[in-house]
Structures are given as structure tokens and as C-alpha cells.
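> Sending over final-v1.csv (CSV, C-alpha atoms).
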chain,number,residue,atom,x,y,z
A,17,MET,CA,-5.8,16.8,-29.6
A,18,THR,CA,-6.8,14.4,-26.9
A,19,ILE,CA,-4.1,12.2,-25.3
A,20,THR,CA,-5.5,8.7,-24.7
A,21,ALA,CA,-3.6,6.4,-22.3
A,22,ALA,CA,-4.3,3.3,-20.2
A,23,ALA,CA,-3.1,3.1,-16.6
A,24,ASP,CA,-2.9,0.0,-14.5
A,25,GLY,CA,-1.3,-1.5,-11.4
A,26,SER,CA,-0.3,-5.0,-10.2
A,27,ALA,CA,0.7,-6.5,-6.9
A,28,LEU,CA,1.9,-10.1,-6.3
A,29,GLY,CA,0.2,-11.1,-3.1
A,30,ASN,CA,-1.5,-7.7,-2.6
A,31,PRO,CA,0.4,-6.4,-0.7
A,32,GLY,CA,3.6,-7.7,-2.2
A,33,PRO,CA,6.0,-6.8,-5.0
A,34,ALA,CA,4.1,-4.2,-6.9
A,35,GLY,CA,4.2,-2.4,-10.3
A,36,TRP,CA,2.4,0.3,-12.1
A,37,ALA,CA,2.3,1.4,-15.7
A,38,TRP,CA,0.7,3.8,-18.2
A,39,TYR,CA,0.7,3.1,-21.9
A,40,ILE,CA,-0.1,5.1,-25.1
A,41,ASP,CA,1.9,3.2,-27.7
A,42,GLU,CA,5.1,1.2,-28.0
A,43,ASN,CA,7.2,4.4,-28.0
A,44,THR,CA,5.3,6.2,-25.3
A,45,TRP,CA,4.9,4.4,-22.0
A,46,ARG,CA,6.4,4.1,-18.6
A,47,ALA,CA,6.4,1.7,-15.7
A,48,GLY,CA,7.7,1.6,-12.1
A,49,GLY,CA,7.0,0.0,-8.8
A,50,TRP,CA,8.2,-1.0,-5.3
A,51,PRO,CA,9.3,-4.1,-3.4
A,52,HIS,CA,6.2,-3.9,-1.3
A,53,GLY,CA,2.8,-2.3,-2.2
A,54,THR,CA,-0.8,-2.9,-3.1
A,55,ASN,CA,-2.8,-3.0,-6.3
A,56,ASN,CA,-4.6,0.2,-5.4
A,57,GLN,CA,-1.3,2.0,-4.8
A,58,GLY,CA,-0.1,0.9,-8.2
A,59,GLU,CA,-3.3,2.0,-9.9
A,60,LEU,CA,-3.1,5.4,-8.3
A,61,MET,CA,0.6,5.9,-9.0
A,62,ALA,CA,0.1,5.0,-12.7
A,63,VAL,CA,-2.4,7.8,-13.0
A,64,LEU,CA,-0.2,10.2,-11.0
A,65,ASP,CA,2.9,9.6,-13.2
A,66,LEU,CA,0.8,10.0,-16.3
A,67,LEU,CA,-0.5,13.3,-15.2
A,68,ARG,CA,3.1,14.5,-14.3
A,69,SER,CA,4.5,13.2,-17.5
A,70,THR,CA,2.0,15.1,-19.6
A,71,ALA,CA,2.0,18.3,-17.6
A,72,HIS,CA,4.0,20.1,-20.3
A,73,ARG,CA,1.0,19.5,-22.5
A,74,SER,CA,-1.7,20.4,-19.9
A,75,GLU,CA,-3.7,22.4,-22.4
A,76,GLU,CA,-4.6,19.2,-24.2
A,77,PRO,CA,-7.5,16.9,-22.9
A,78,LEU,CA,-6.3,13.7,-21.3
A,79,LYS,CA,-8.4,10.5,-21.5
A,80,ILE,CA,-7.4,7.8,-19.0
A,81,LEU,CA,-8.6,4.3,-19.5
A,82,CYS,CA,-8.7,2.4,-16.2
A,83,ASP,CA,-10.0,-1.0,-15.1
A,84,SER,CA,-10.1,0.1,-11.4
A,85,GLN,CA,-13.4,1.7,-10.4
A,86,TYR,CA,-11.8,2.4,-7.0
A,87,VAL,CA,-9.4,4.9,-8.7
A,88,ILE,CA,-12.2,6.4,-10.8
A,89,ASN,CA,-14.5,6.8,-7.8
A,90,CYS,CA,-11.7,8.2,-5.7
A,91,LEU,CA,-10.8,10.9,-8.2
A,92,THR,CA,-14.3,11.8,-9.5
A,93,LYS,CA,-16.7,11.1,-6.6
A,94,TRP,CA,-15.2,10.7,-3.1
A,95,MET,CA,-12.1,13.0,-3.0
A,96,PRO,CA,-14.0,16.4,-2.7
A,97,GLY,CA,-15.9,15.1,0.3
A,98,TRP,CA,-12.8,13.7,1.9
A,99,LYS,CA,-11.0,17.0,1.5
A,100,ARG,CA,-13.9,18.9,3.1
A,101,LYS,CA,-13.7,16.5,6.1
A,102,GLY,CA,-9.9,16.9,6.4
A,103,TRP,CA,-9.2,13.7,4.4
A,104,ARG,CA,-11.4,11.6,6.5
A,105,LYS,CA,-14.3,9.3,5.5
A,106,ALA,CA,-17.9,9.8,6.6
A,107,ASP,CA,-17.3,7.4,9.5
A,108,GLY,CA,-14.5,9.6,10.7
A,109,LYS,CA,-11.7,7.1,9.8
A,110,PRO,CA,-8.7,8.5,7.9
A,111,VAL,CA,-8.6,8.0,4.2
A,112,LEU,CA,-6.1,5.5,3.1
A,113,ASN,CA,-3.6,6.0,0.4
A,114,VAL,CA,-3.9,9.7,1.4
A,115,ASP,CA,-0.4,10.7,0.3
A,116,LEU,CA,-1.0,9.5,-3.3
A,117,LEU,CA,-4.4,11.1,-3.3
A,118,LYS,CA,-3.1,14.5,-2.2
A,119,ASP,CA,-0.5,14.4,-5.0
A,120,LEU,CA,-3.2,13.4,-7.5
A,121,ASP,CA,-5.5,16.2,-6.3
A,122,ALA,CA,-2.7,18.7,-7.0
A,123,ALA,CA,-1.8,17.1,-10.4
A,124,LEU,CA,-5.4,17.3,-11.6
A,125,LYS,CA,-5.7,21.0,-11.0
A,126,GLY,CA,-5.9,22.9,-14.3
A,127,ARG,CA,-6.2,19.7,-16.3
A,128,ASN,CA,-9.1,18.5,-18.5
A,129,VAL,CA,-9.1,14.8,-17.6
A,130,GLY,CA,-11.7,12.2,-18.4
A,131,PHE,CA,-11.7,8.7,-16.9
A,132,GLU,CA,-13.3,5.8,-18.8
A,133,TRP,CA,-13.7,2.4,-17.1
A,134,VAL,CA,-12.7,-0.6,-19.3
A,135,LYS,CA,-13.0,-4.3,-18.4
A,136,GLY,CA,-9.7,-5.7,-17.4
A,137,HIS,CA,-8.3,-8.8,-19.1
A,138,ALA,CA,-10.9,-8.5,-21.9
A,139,GLY,CA,-8.6,-7.9,-24.8
A,140,HIS,CA,-8.5,-4.1,-24.8
A,141,PRO,CA,-5.1,-3.4,-26.4
A,142,LEU,CA,-4.1,-0.4,-24.3
A,143,ASN,CA,-5.3,-1.9,-21.0
A,144,GLU,CA,-3.6,-5.2,-21.8
A,145,ALA,CA,-0.3,-3.4,-22.6
A,146,ALA,CA,-0.4,-1.4,-19.4
A,147,ASP,CA,-1.2,-4.5,-17.4
A,148,ASP,CA,1.7,-6.4,-19.0
A,149,ARG,CA,4.2,-3.8,-18.0
A,150,ALA,CA,2.9,-3.3,-14.5
A,151,ARG,CA,3.0,-7.0,-13.9
A,152,ALA,CA,6.4,-7.2,-15.4
A,153,VAL,CA,7.8,-4.7,-12.9
A,154,ALA,CA,6.1,-6.5,-10.0
A,155,THR,CA,7.7,-9.7,-11.2
A,156,ALA,CA,11.1,-8.1,-11.5
A,157,TYR,CA,10.9,-6.9,-7.9
A,158,GLN,CA,9.8,-10.4,-6.8
A,159,ARG,CA,12.9,-11.7,-8.5
A,160,GLY,CA,15.2,-9.3,-6.6
A,161,GLY,CA,14.6,-6.0,-8.2
A,162,ARG,CA,17.0,-6.4,-11.1
A,163,SER,CA,16.4,-4.9,-14.6
A,164,ILE,CA,13.2,-2.9,-13.8
A,165,PRO,CA,11.6,-2.2,-17.2
A,166,SER,CA,10.7,1.5,-17.0
A,167,GLY,CA,10.0,2.5,-20.6
A,168,PRO,CA,10.8,5.6,-22.7
A,169,GLY,CA,8.3,8.0,-21.0
A,170,PHE,CA,6.5,10.8,-22.7
A,171,PRO,CA,8.2,13.0,-25.4
A,172,GLY,CA,9.3,16.4,-24.2
A,173,GLU,CA,8.5,15.8,-20.5
A,174,ARG,CA,10.5,17.6,-17.8
A,175,PRO,CA,13.4,15.7,-16.1
A,176,ALA,CA,12.3,16.2,-12.5
A,177,ASP,CA,9.0,16.5,-10.5
A,178,ALA,CA,7.9,19.4,-8.4
A,179,ASN,CA,10.0,18.3,-5.5
A,180,GLY,CA,13.1,18.3,-7.6
A,181,GLN,CA,13.5,14.6,-7.2
A,182,ASP,CA,15.9,12.9,-9.6
A,183,ALA,CA,14.1,11.1,-12.4
A,184,GLU,CA,15.5,7.7,-11.7
A,185,ASP,CA,14.3,7.8,-8.1
A,186,SER,CA,10.8,8.9,-9.0
A,187,VAL,CA,10.3,5.9,-11.3
A,188,GLY,CA,11.0,3.3,-8.5
A,189,GLN,CA,9.8,5.5,-5.6
A,190,VAL,CA,8.5,3.4,-2.7
A,191,PRO,CA,5.0,4.4,-1.6
A,192,ALA,CA,4.7,5.4,2.0
A,193,GLY,CA,5.0,2.2,4.0
A,194,GLY,CA,6.7,0.2,1.2
A,195,THR,CA,10.0,-1.5,2.0
A,196,ALA,CA,13.1,-0.9,0.0
A,197,GLN,CA,14.6,-4.4,0.3
A,198,ALA,CA,15.2,-5.1,-3.4
A,199,GLN,CA,18.5,-4.5,-5.0
A,200,ALA,CA,17.4,-1.8,-7.3
A,201,ALA,CA,15.0,0.0,-4.9
A,202,PRO,CA,15.7,3.7,-4.0
A,203,SER,CA,16.3,4.7,-0.4
A,204,ARG,CA,12.9,6.3,0.3
A,205,THR,CA,10.9,4.2,2.8
A,206,ASP,CA,8.1,6.5,4.1
A,207,ARG,CA,5.1,5.0,5.8
A,208,ALA,CA,2.5,3.7,3.4
A,209,PRO,CA,-1.2,4.1,3.4
A,210,GLN,CA,-3.3,1.0,3.0
A,211,THR,CA,-6.1,0.0,0.6
A,212,ASP,CA,-9.1,2.2,1.2
A,213,HIS,CA,-12.6,0.9,2.0
A,214,ALA,CA,-15.9,2.5,1.0
A,215,ARG,CA,-19.6,2.2,2.1
A,216,GLN,CA,-22.4,0.2,0.6
A,217,ALA,CA,-24.9,1.8,-1.9
A,218,ASP,CA,-26.9,0.7,-4.9
A,219,ARG,CA,-26.5,2.7,-8.0
A,220,ALA,CA,-26.1,2.1,-11.8
A,221,PRO,CA,-22.5,1.7,-13.2
A,222,GLN,CA,-21.1,4.6,-15.1
A,223,SER,CA,-18.6,4.0,-17.9
A,224,ARG,CA,-17.1,7.6,-18.1
A,225,GLN,CA,-16.5,10.3,-15.6
A,226,THR,CA,-14.6,13.6,-15.7
A,227,SER,CA,-12.5,15.6,-13.2
A,228,GLN,CA,-11.5,19.2,-13.8
A,229,GLY,CA,-10.0,21.9,-11.5
A,230,ALA,CA,-8.4,25.4,-11.3
A,231,ALA,CA,-5.2,26.2,-13.0
A,232,GLN,CA,-2.0,24.7,-11.5
A,233,THR,CA,0.5,22.7,-13.5
A,234,PRO,CA,2.7,20.2,-11.6
A,235,GLN,CA,6.0,19.4,-13.0
A,236,ALA,CA,6.7,16.0,-14.5
A,237,SER,CA,8.7,13.2,-13.0
A,238,SER,CA,10.5,11.1,-15.5
A,239,GLY,CA,13.5,8.8,-16.1
A,240,THR,CA,14.4,5.5,-17.6
A,241,ARG,CA,16.3,2.4,-16.6
A,242,THR,CA,17.8,0.1,-19.2
A,243,VAL,CA,16.6,-3.5,-19.3
A,244,ASP,CA,19.4,-6.1,-19.0
A,245,GLU,CA,19.2,-8.0,-22.3
A,246,ALA,CA,20.3,-11.1,-20.6
A,247,GLU,CA,17.2,-11.2,-18.4
A,248,PRO,CA,14.2,-13.3,-19.5
A,249,ASP,CA,11.3,-11.7,-21.2
A,250,LEU,CA,9.3,-10.4,-18.2
A,251,PHE,CA,6.3,-9.6,-20.4
A,252,SER,CA,5.5,-13.3,-21.0
A,253,VAL,CA,5.0,-14.3,-17.4
A,254,LEU,CA,1.7,-15.6,-16.3
A,255,GLU,CA,-0.7,-13.6,-14.1
A,256,GLU,CA,-0.1,-14.1,-10.4
A,257,ASP,CA,-2.4,-16.5,-8.5
A,258,LEU,CA,-5.2,-15.9,-11.0
A,259,ARG,CA,-4.2,-18.4,-13.7
A,260,GLY,CA,-4.5,-22.0,-12.6
A,261,SER,CA,-2.9,-24.5,-14.9
A,262,VAL,CA,-4.6,-27.9,-14.7
A,263,THR,CA,-1.4,-29.5,-15.7
A,264,GLU,CA,0.7,-27.8,-13.0
A,265,GLN,CA,-1.5,-27.7,-9.9
A,266,ASP,CA,-4.7,-29.2,-8.4
A,267,PRO,CA,-7.6,-27.2,-9.9
A,268,VAL,CA,-9.7,-27.8,-6.7
A,269,ALA,CA,-6.9,-26.2,-4.6
A,270,THR,CA,-6.7,-23.4,-7.1
A,271,VAL,CA,-10.3,-22.4,-7.0
A,272,THR,CA,-10.5,-22.9,-3.2
A,273,ALA,CA,-7.5,-20.5,-2.8
A,274,LEU,CA,-9.2,-18.0,-5.2
A,275,GLU,CA,-12.5,-18.3,-3.2
A,276,LYS,CA,-10.6,-17.5,0.0
A,277,ARG,CA,-8.9,-14.6,-1.7
A,278,LEU,CA,-12.3,-13.1,-2.7
A,279,LEU,CA,-13.2,-13.1,1.0
A,280,GLU,CA,-10.2,-11.0,2.1
A,281,PRO,CA,-11.1,-7.4,2.9
A,282,ALA,CA,-8.1,-6.0,1.0
A,283,VAL,CA,-9.1,-7.9,-2.1
A,284,ARG,CA,-12.8,-7.1,-1.9
A,285,SER,CA,-12.0,-3.4,-1.7
A,286,ASP,CA,-9.8,-3.6,-4.8
A,287,LEU,CA,-12.2,-3.7,-7.8
A,288,GLY,CA,-9.4,-4.4,-10.2
A,289,GLU,CA,-8.6,-7.6,-8.3
A,290,VAL,CA,-12.2,-8.7,-8.0
A,291,ALA,CA,-12.9,-7.9,-11.7
A,292,ARG,CA,-10.0,-10.2,-12.7
A,293,ILE,CA,-11.5,-13.1,-10.7
A,294,LEU,CA,-15.2,-12.7,-11.6
A,295,HIS,CA,-16.4,-14.2,-14.9
A,296,PRO,CA,-17.7,-11.5,-17.4
A,297,ASP,CA,-21.2,-13.3,-17.1
A,298,PHE,CA,-21.0,-13.6,-13.3
A,299,GLU,CA,-24.3,-13.9,-11.4
A,300,GLU,CA,-25.1,-14.1,-7.7
A,301,ILE,CA,-28.2,-14.9,-5.7
A,302,GLY,CA,-27.6,-13.3,-2.3
A,303,SER,CA,-28.7,-14.6,1.1
A,304,SER,CA,-31.5,-11.9,0.9
A,305,GLY,CA,-32.8,-13.4,-2.3
A,306,ARG,CA,-31.6,-10.5,-4.5
A,307,THR,CA,-29.8,-11.3,-7.8
A,308,TRP,CA,-26.6,-9.5,-8.7
A,309,SER,CA,-24.9,-9.0,-12.0
A,310,ARG,CA,-21.1,-8.6,-12.2
A,311,ASP,CA,-21.3,-4.8,-12.6
A,312,GLU,CA,-23.8,-4.5,-9.8
A,313,MET,CA,-21.5,-6.6,-7.5
A,314,LEU,CA,-18.5,-4.5,-8.3
A,315,LEU,CA,-20.3,-1.2,-7.5
A,316,ALA,CA,-21.7,-2.7,-4.3
A,317,LEU,CA,-18.2,-3.8,-3.2
A,318,ALA,CA,-16.8,-0.4,-4.0
A,319,ASP,CA,-19.1,1.2,-1.4
A,320,GLU,CA,-18.9,-1.4,1.3
A,321,ASP,CA,-16.9,-1.6,4.5
A,322,HIS,CA,-15.4,-5.0,4.4
A,323,GLU,CA,-15.2,-7.2,7.6
A,324,PRO,CA,-13.0,-10.3,8.1
A,325,VAL,CA,-14.8,-13.5,7.1
A,326,ASP,CA,-14.0,-17.0,8.3
A,327,MET,CA,-14.4,-19.7,5.7
A,328,THR,CA,-14.9,-23.5,6.3
A,329,PRO,CA,-14.8,-25.6,3.1
A,330,LEU,CA,-17.5,-28.3,3.0
A,331,SER,CA,-17.1,-30.0,-0.4
A,332,ALA,CA,-15.7,-29.7,-3.9
A,333,ALA,CA,-16.8,-31.5,-7.0
A,334,CYS,CA,-15.3,-31.5,-10.5
A,335,VAL,CA,-18.4,-31.3,-12.7
A,336,ASN,CA,-16.1,-31.7,-15.7
A,337,GLU,CA,-12.5,-30.8,-16.5
A,338,SER,CA,-13.4,-27.1,-16.8
A,339,THR,CA,-16.1,-26.7,-14.1
A,340,ILE,CA,-15.9,-27.0,-10.3
A,341,LEU,CA,-18.7,-26.7,-7.8
A,342,LEU,CA,-17.4,-25.5,-4.4
A,343,GLN,CA,-19.5,-25.5,-1.2
A,344,TYR,CA,-18.5,-23.9,2.1
A,345,ARG,CA,-19.7,-22.0,5.2
A,346,THR,CA,-18.8,-18.5,6.1
A,347,ARG,CA,-19.0,-16.8,9.5
A,348,SER,CA,-18.9,-13.0,9.9
A,349,ALA,CA,-20.3,-10.6,12.5
A,350,GLY,CA,-22.0,-13.6,14.3
A,351,LYS,CA,-23.8,-14.8,11.1
A,352,ALA,CA,-23.3,-18.1,9.3
A,353,VAL,CA,-24.1,-18.5,5.6
A,354,LEU,CA,-23.9,-21.6,3.5
A,355,ARG,CA,-22.5,-20.8,0.1
A,356,SER,CA,-22.1,-22.5,-3.3
A,357,SER,CA,-19.8,-21.3,-6.1
A,358,LEU,CA,-19.5,-22.5,-9.7
A,359,TRP,CA,-16.0,-21.9,-11.1
A,360,VAL,CA,-15.3,-22.3,-14.8
A,361,LEU,CA,-11.9,-22.5,-16.7
A,362,ALA,CA,-12.0,-19.6,-19.1
A,363,PRO,CA,-9.4,-19.4,-21.9
A,364,GLY,CA,-6.2,-17.6,-21.0
A,365,ALA,CA,-5.9,-13.9,-21.7
A,366,PRO,CA,-4.4,-13.2,-25.1
A,367,ASN,CA,-1.5,-11.1,-23.8
A,368,GLY,CA,-0.1,-13.4,-21.1
A,369,GLY,CA,1.2,-16.3,-23.0
A,370,SER,CA,-1.4,-18.6,-21.6
A,371,THR,CA,-2.9,-21.4,-23.6
A,372,ALA,CA,-6.5,-22.6,-23.5
A,373,ALA,CA,-5.4,-25.7,-21.6
A,374,GLN,CA,-4.0,-23.5,-18.9
A,375,GLY,CA,-6.7,-20.8,-18.9
A,376,THR,CA,-8.0,-18.8,-16.0
A,377,TRP,CA,-10.3,-20.0,-13.3
A,378,ARG,CA,-13.1,-17.5,-12.9
A,379,LEU,CA,-16.2,-17.4,-10.7
A,380,ARG,CA,-19.3,-17.8,-12.9
A,381,PHE,CA,-22.1,-18.2,-10.3
A,382,HIS,CA,-22.5,-17.8,-6.5
A,383,GLN,CA,-25.4,-18.3,-4.1
A,384,GLY,CA,-25.6,-17.8,-0.3
A,385,THR,CA,-28.2,-19.1,2.1
A,386,ALA,CA,-28.3,-17.8,5.7
A,387,GLU,CA,-28.3,-20.5,8.3
Could you show the structure in this file as C-alpha cells?


Amino acid sequence: MTITAAADGSALGNPGPAGWAWYIDENTWRAGGWPHGTNNQGELMAVLDLLRSTAHRSEEPLKILCDSQYVINCLTKWMPGWKRKGWRKADGKPVLNVDLLKDLDAALKGRNVGFEWVKGHAGHPLNEAADDRARAVATAYQRGGRSIPSGPGFPGERPADANGQDAEDSVGQVPAGGTAQAQAAPSRTDRAPQTDHARQADRAPQSRQTSQGAAQTPQASSGTRTVDEAEPDLFSVLEEDLRGSVTEQDPVATVTALEKRLLEPAVRSDLGEVARILHPDFEEIGSSGRTWSRDEMLLALADEDHEPVDMTPLSAACVNESTILLQYRTRSAGKAVLRSSLWVLAPGAPNGGSTAAQGTWRLRFHQGTAE
């Protein structure tokens, strides 16, 4: 029987307070996180913990639903080449998040694992449930690390991982480089890898990919922490920085901040973050004249080395209460480009407690013209 689960990660600020979660049903899920981490680290850790938690049922196929093409590409496309090169990319630079990737490489051996990409924040019940829990952990760490909601785990899983680490520590384990400043954080503070970058290529999106390997079964890491019933409901908080309430903040300031966020190398290399910002019907006319769909843009960003970009806002106009036209200039690698972006206020995601009046600002159309 195939085990089907969603895995997701969240980081407030990226990097910042971070959470991860995998979800099968209300009685079978787990979440964890760190005081400081990235979205990519959360996405990878969610998959790693799911693999460890189901290791005692390794003979059964495992189907992982994931809204991060970064994770899927890492585990099904790029990792074999990185291993051959001594965990270095084609340009000779070291692979980032390498500690998590090495653990994932070991955990995948002997497993029949299929990955399926799902659109984030599009109402998929398993993806939404995993996202809720990952974001709840990140929010809990942001509030001081109290009452981390970790979940019941997987029935029959082993109480410790292959390193013999106590279950409670493994749930909140800080990724290398994370800082254990929060009250409930464990003492491990190894050096952390950063978000990885890829190179540019044009190819069609794939919705499902599979990774299999030789027999080796890692032991499971597990554990639970009880939620303080006096704490507020962490699953009802709004999504960080991506939901702009027109009643609580200036919508022009909101979309300008989101536009700047899209230009940050760490965000552009994180497809989960970009997918949350781009409208499902996003289109772009690039400075070369090429048109891009949302899926084509996500795939291009996944394979691109991202350079710092300077942004100079030029103008912003509220076309109506749910549409804003933003114009600005960017400079990167000695080139200047005039850009126009059309932002629309989409209805709030059904799981976040958002109303249609609050909604989520998303980028619907973008055009760049080289100066």
C-alpha cells in the first residue's frame, strides 16, 4: 500500500524563524523547526523526517507531495552529479544545504519514493495542512520558542534516529548554522548551509519524478512535545509578509516590498517562495521579447545563478482597489532595465483565516525593457 504525504517548510524572513512539517492525516503528522533557518532547509528537513519516520515500513512505496521544485530537483536530478563532483556544482562552488542533502541521500537508499509537485496555496488539502503546521512552528519560534506543535508522528516508528539522538532533540534540531536562541531550542548549533542556487536552462515542467536506490534503511527520528493549551491557536495566523491587508497597511507599500523581495537572490532561488508570490495566471514579457508563463518562469529560476539586483521605484498607481501598477528600474551586472508589474489582490487562501477583503497580493503580469 502506498503511503501518501505532503511535506512543506516555512521561514519568517527567509532566513528567520523556520518550521517544517509533513502531513498524512489528522492522526499522522509531525512538525519541527529552528529559531533561524531558511525555507529550503525546512522543505528538505520535512522530507528527511518523513523518510526516517516511515523507515520501519520501507517496503511500502512512499509518495511525497511537495510544492518546492528545488527539493524535487535536488533529490531527483542534481544530487547524483553533485556526489560525483564531491558535492560541488558544475561551476566548482560547494553545494549548499549539503548536510541535509547527505542525510537525505542516505535515507533514500532502499526506498521506493515518488515525488509529485503540487501548486502551493491552491487548496490542496494535504499541502495546506502541512503548510499550516510548518508556519505554526515558525510563528512559535518567532514568539520565543514556546509550545512548539510537533504532532503525533507516524504509528510504530522507532524512538531514535541512526545517531541515537533523543527524539525530542531531533524534532527541534537546529540545521547547521541555525542559532538556538529560543527558549525551547535544543543545544545543537552546528554551522548551517545556505539556500542553493542553480543554473539557467529551458525545459518543460514535470509533475512527477521518482528516486530509488540500493538497500539501506535509516532508523527513524521521532518525538512529540505537548502544546500549551493556554497558547493561542497558531494554525490561524496569517501568512508572513505575503498577505497584505488593505485595512491594516498601505497596499502600495505592500506590493513594493513584495517586488523587492522577488529580486532577492535567496528568494529567487526558493521556488516555494516565488510560487507563493506569483499569480497562478502569471505572464511575463522579458527584456529579450520572450514571453514566459508561471511554470516556465519557475523552472528558469530553478536553474539560474542569481545576482544581486538594485531596485529604484519610479511610480505606483492604484488602478482600482484590487489592482496596482508598479514601475521601477533595476541595475544588475552593469545593465539597466525599466520594469512594469501589475499586482492583483487575490482572495485569501482558505486555510489561513484570511478574508477576501484581506486577500493576498500576487504578481499577475510583468514586463522588462532594457535601457

> Do a neighbour search on Pro324 (chain A) at 10 Å with all atoms listed in the file, toss out local chain neighbours closer than 5 positions, and write the hits as a list in words.

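The contact residues come out as Leu279, Glu280, Pro281, Ala282, Arg347, Ser348 and Ala349 of chain A.
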
> Mind checking which residues fall within 9 Å of Glu289 (chain A), counting all atoms listed in the file, ignoring those fewer than 4 positions away in the same chain, and posting them as a list in words?

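So, after excluding close chain neighbours, the residues are Ser26, Asn55, Ser84, Leu278, Val283, Arg284, Ser285, Ile293 and Leu294 of chain A.
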
> Tell me which of A:Leu28, A:Ile40, A:Ile88, A:Leu330 sits closest to Glu59 (chain A), counting all atoms listed in the file.

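Answer, going by the shortest atom-to-atom distance: A:Ile88.
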
> Taking only C-alpha atoms into account, which of A:Trp36, A:Trp45, A:Trp133, A:Tyr157 comes nearest Asp83 (chain A)?

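Going through A:Trp36, A:Trp45, A:Trp133, A:Tyr157 one by one, the smallest distance to Asp83 (chain A) is for A:Trp133.
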
> If we count all atoms listed in the file and set the cut-off at 6 Å, which residues sit around Ala154 (chain A), ignoring sequence neighbours fewer than 5 positions away in its own chain? Please answer as an mmCIF file with C-alpha atoms, in the coordinates of the input.


data_model
loop_
_atom_site.group_PDB
_atom_site.id
_atom_site.type_symbol
_atom_site.label_atom_id
_atom_site.label_comp_id
_atom_site.auth_asym_id
_atom_site.auth_seq_id
_atom_site.Cartn_x
_atom_site.Cartn_y
_atom_site.Cartn_z
ATOM 1 C CA PRO A 33 6.000 -6.800 -5.000
ATOM 2 C CA ALA A 34 4.100 -4.200 -6.900
ATOM 3 C CA GLY A 35 4.200 -2.400 -10.300
#

> Counting all atoms listed in the file, what is within 12 Å of Thr307 (chain A), bar same-chain residues fewer than 4 positions away, as a ChimeraX atom specification?

/A:298-303,311-313,381-384

> Please write as a VMD selection string the list of polymer residues whose atoms come within 12 Å of (-20.2, -20.8, 5.8), counting all atoms listed in the file and keeping to the coordinates of the file.

chain A and resid 276 279 303 325 to 331 342 to 348 350 to 357 383 to 387

> How many Å separate CA of Gly53 (chain A) from CA of Trp98 (chain A)?

22.7 Å

> Compare A:Gly126, A:Gly97, A:Pro31, A:Gly102 by their minimum atom-to-atom distance to Ser74 (chain A), counting only C-alpha atoms, and give me the closest one.

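Distance minimum relative to Ser74 (chain A) lands on A:Gly126.
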
> Tell me which of A:Ala22, A:Leu315, A:Leu341, A:Met61 sits closest to Asp148 (chain A), counting all atoms listed in the file.

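Distance minimum relative to Asp148 (chain A) lands on A:Ala22.
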